[in-house]
Amino acid sequence: MSEIIRNVVQRLARTFRGPSYQLDPNVPVTALMGFSMRRAIALFRCILRGVALKPGKLFFVGAAVVLRNRGLIHIGRGATIGNHVLIDGLSHNGVVIGDRVSIGAYTIIEATGVISNLGVGCRIGNDSGIGAFSFIGAGGGVDIGENVIMGQYVSFHSENHCFGDTGLPIRMQGVTRQGIVIEDDCWIGAKVTFMDGCHVGKGAVIAAGAVVRGEIPPYSVAAGVPAKVIKKRNNE
C-alpha cells in the first residue's frame with residue numbers, strides 16, 4: 001500500500017513540477033500523505049476563489065493570501081503562493097509570475113507605492129522561487145529570470161527618492177527609477193538587498209546579507225556591503 005501511495009504522489013507531483021521531478025525515497029508515507037493533503041487544500045483555494053478556472057492554469061494558494069487588483073496579476077501553472085502573501089498588481093505592466101514559481105510565506109509584492117505615480121511592475125520567470133518574509137518593491141520595474149533561487153528576507157527597492165532641494169520635504173521631491181534585473185540561474189542568499197539600477201548577470205551567486213548596487217558580471221560570486229565580486233564560479 002505504501003508503494004502505491006508513493007507512486008500516486010510521484011505522478012501527481014510530476015503533473016505540476018515536470019517529468020524529471022523525483023521524490024526522495026526516504027520520505028515517510030505519512031509525510032507524503034500530509035503534504036498531499038496540504039497541496040490539495042491549496043489547489044482547492046485557487047478554484048474556490050475563482051483565481052484560476054482552467055485546469056491548465058491551476059496553481060497552489062496558501063492561507064490568508066491577498067491578491068489586490070487581480071486583473072493585473074498573472075500566475076502560471078503549478079506556481080505556489082505561500083501563506084499570508086500579499087500581491088498588488090497595480091502598475092503599468094502588472095505582476096507576472098511564471099510556471100512553477102514559489103513565493104514564500106509572508107512575502108509582499110507591491111508594484112506601486114502611491115497612486116499619484118503608477119509603478120512599472122514585476123516579472124518572475126519560470127521555475128524561480130523567493131523565500132519567506134521577502135519584499136519586492138517594483139515601482140521602477142523588477143525583472144527576475146528563470147531558475148533563480150532566493151533565500152528568506154530578500155528585498156528589492158527599484159526606485160530612489162530625490163532629496164537635492166533642502167527647502168522642500170523629501171517626500172515631495174519625487175523619485176528616480178532605473179529598475180532591477182536578475183538574469184537566469186542565479187542563487188541569492190538570505191537577507192540580500194537589491195537597490196535600484198542594479199543588474200545581476202546570468203549564473204551569478206550573491207552571498208547572504210549583501211547589498212547589491214550597479215552591475216554584477218555573469219557567473220561571478222559577490223558579497224559584502226556594497227556587494228563586490230570575490231571570485232568567479234569557474235575558480236578563475
# chains A, B, ... in the order shown; residues from 1 in each chain; ligands from 1
>>> residues_around(residues="Ala63 (chain A)", least_positions_apart="5", cutoff="9 Å", atoms="only C-alpha atoms", output="compact mmCIF listing (two decimals) with C-alpha atoms, in the first residue's frame")
# COMPACT_ATOMS: atom_id res chain seq x y z
CA ALA A 42 -4.13 24.93 -1.60
CA ARG A 45 -8.44 27.55 -2.60
CA GLY A 82 2.61 30.78 0.34
CA ASN A 83 0.57 31.61 3.42
CA HIS A 84 -0.14 35.31 4.13
CA VAL A 85 1.41 36.51 0.84
>>> closest_residue(among="A:Ala111, A:Ala222, A:Ile97, A:Leu32", to="Glu3 (chain A)", atoms="only C-alpha atoms")
A:Leu32
>>> select_by_dssp(residues="region 80-158 of chain A", states="strand (DSSP E)", output="ChimeraX atom specification")
/A:80-81,86-88,95-97,102-103,108-110,122-124,129-130,135-137,142-144,149-150,155-157
>>> closest_residue(among="A:Val225, A:Val114, A:Gly78, A:Asn234", to="Gly174 (chain A)", atoms="only C-alpha atoms")
A:Val114
>>> closest_atom_pairs(of="region 136-163 of chain A", to="region 117-122 of chain A", cutoff="10 Å", atoms="only C-alpha atoms", output="tab-separated table")
residue	atom	partner	partner_atom	distance
A:Ile136	CA	A:Cys122	CA	8.2
A:Gly137	CA	A:Cys122	CA	8.5
A:Ala138	CA	A:Gly121	CA	5.2
A:Gly139	CA	A:Gly119	CA	3.9
A:Gly140	CA	A:Val120	CA	5.4
A:Gly141	CA	A:Val120	CA	4.8
A:Val142	CA	A:Cys122	CA	4.8
A:Asp143	CA	A:Cys122	CA	5.9
A:Ile144	CA	A:Cys122	CA	8.0
A:Ser158	CA	A:Val120	CA	9.5
A:Glu159	CA	A:Gly119	CA	9.5
>>> residues_around(residues="Ser36 (chain A)", least_positions_apart="4", cutoff="12 Å", atoms="only C-alpha atoms", output="PDB file with C-alpha atoms, in the first residue's frame")
ATOM      1  CA  ILE A   5       0.700   5.863  -2.315  1.00  0.00           C
ATOM      2  CA  ARG A   6       4.258   6.869  -3.137  1.00  0.00           C
ATOM      3  CA  VAL A   8       0.457   8.191  -6.904  1.00  0.00           C
ATOM      4  CA  VAL A   9       2.088  11.181  -5.188  1.00  0.00           C
ATOM      5  CA  GLN A  10       5.038  10.937  -7.572  1.00  0.00           C
ATOM      6  CA  ARG A  11       2.768  11.054 -10.628  1.00  0.00           C
ATOM      7  CA  LEU A  12       0.778  13.969  -9.245  1.00  0.00           C
ATOM      8  CA  ALA A  13       3.953  15.888  -8.417  1.00  0.00           C
ATOM      9  CA  VAL A  29       4.494   7.753   3.568  1.00  0.00           C
ATOM     10  CA  THR A  30       2.725   9.584   6.404  1.00  0.00           C
ATOM     11  CA  ALA A  31       4.647  12.751   5.498  1.00  0.00           C
ATOM     12  CA  LEU A  32       3.747  12.302   1.825  1.00  0.00           C
ATOM     13  CA  ALA A  40      -4.933  19.623  -2.322  1.00  0.00           C
ATOM     14  CA  ILE A  41      -6.325  22.274   0.036  1.00  0.00           C
ATOM     15  CA  ALA A  42      -4.128  24.935  -1.603  1.00  0.00           C
ATOM     16  CA  LEU A  43      -5.368  23.853  -5.032  1.00  0.00           C
ATOM     17  CA  PHE A  60      -1.498  26.483  -5.220  1.00  0.00           C
TER      18      PHE A  60
END
>>> atom_distance(atom1="CA of Ala223 (chain A)", atom2="CA of Val101 (chain A)")
25.6 Å
>>> residues_around(residues="region 200-206 of chain A", least_positions_apart="3", cutoff="9 Å", atoms="only C-alpha atoms", output="list of chain:residue names")
A:Gly145, A:Val148, A:Ile180, A:Val181, A:Ile182, A:Glu183, A:Asp184, A:Asp185, A:Cys186, A:Trp187, A:Ile188, A:Gly189, A:Val192, A:Gly209, A:Ala210, A:Val212, A:Gly214, A:Glu215, A:Ile216, A:Pro217, A:Pro218, A:Tyr219, A:Ser220, A:Val221, A:Ala222, A:Ala223, A:Ala227, A:Lys232, A:Arg233
>>> closest_residue(among="A:Ile73, A:Val229, A:Val95, A:Ala79", to="Lys57 (chain A)", atoms="only C-alpha atoms")
A:Ala79
>>> residues_around(residues="Arg213 (chain A)", least_positions_apart="6", cutoff="7 Å", atoms="only C-alpha atoms", output="VMD selection string")
chain A and resid 194 to 195 197 to 198 226 to 227
>>> write_last_selection(atoms="N, CA and C atoms", output="tab-separated table (two decimals), in the first residue's frame")
chain	number	residue	atom	x	y	z
A	194	PHE	N	18.57	44.42	-2.89
A	194	PHE	CA	18.85	44.91	-4.24
A	194	PHE	C	18.38	46.36	-4.35
A	195	MET	N	19.31	47.24	-4.75
A	195	MET	CA	18.99	48.66	-4.89
A	195	MET	C	18.68	48.99	-6.35
A	197	GLY	N	18.58	50.14	-10.02
A	197	GLY	CA	19.61	50.25	-11.05
A	197	GLY	C	20.57	49.08	-11.11
A	198	CYS	N	20.47	48.12	-10.19
A	198	CYS	CA	21.42	47.00	-10.23
A	198	CYS	C	21.01	45.98	-11.29
A	226	PRO	N	28.98	47.64	0.02
A	226	PRO	CA	28.19	47.12	-1.11
A	226	PRO	C	28.81	45.84	-1.67
A	227	ALA	N	28.01	45.08	-2.40
A	227	ALA	CA	28.49	43.81	-2.93
A	227	ALA	C	29.61	44.01	-3.94
>>> closest_residue(among="A:Ile130, A:Lys231, A:Val61, A:Thr80", to="Ile149 (chain A)", atoms="only C-alpha atoms")
A:Ile130
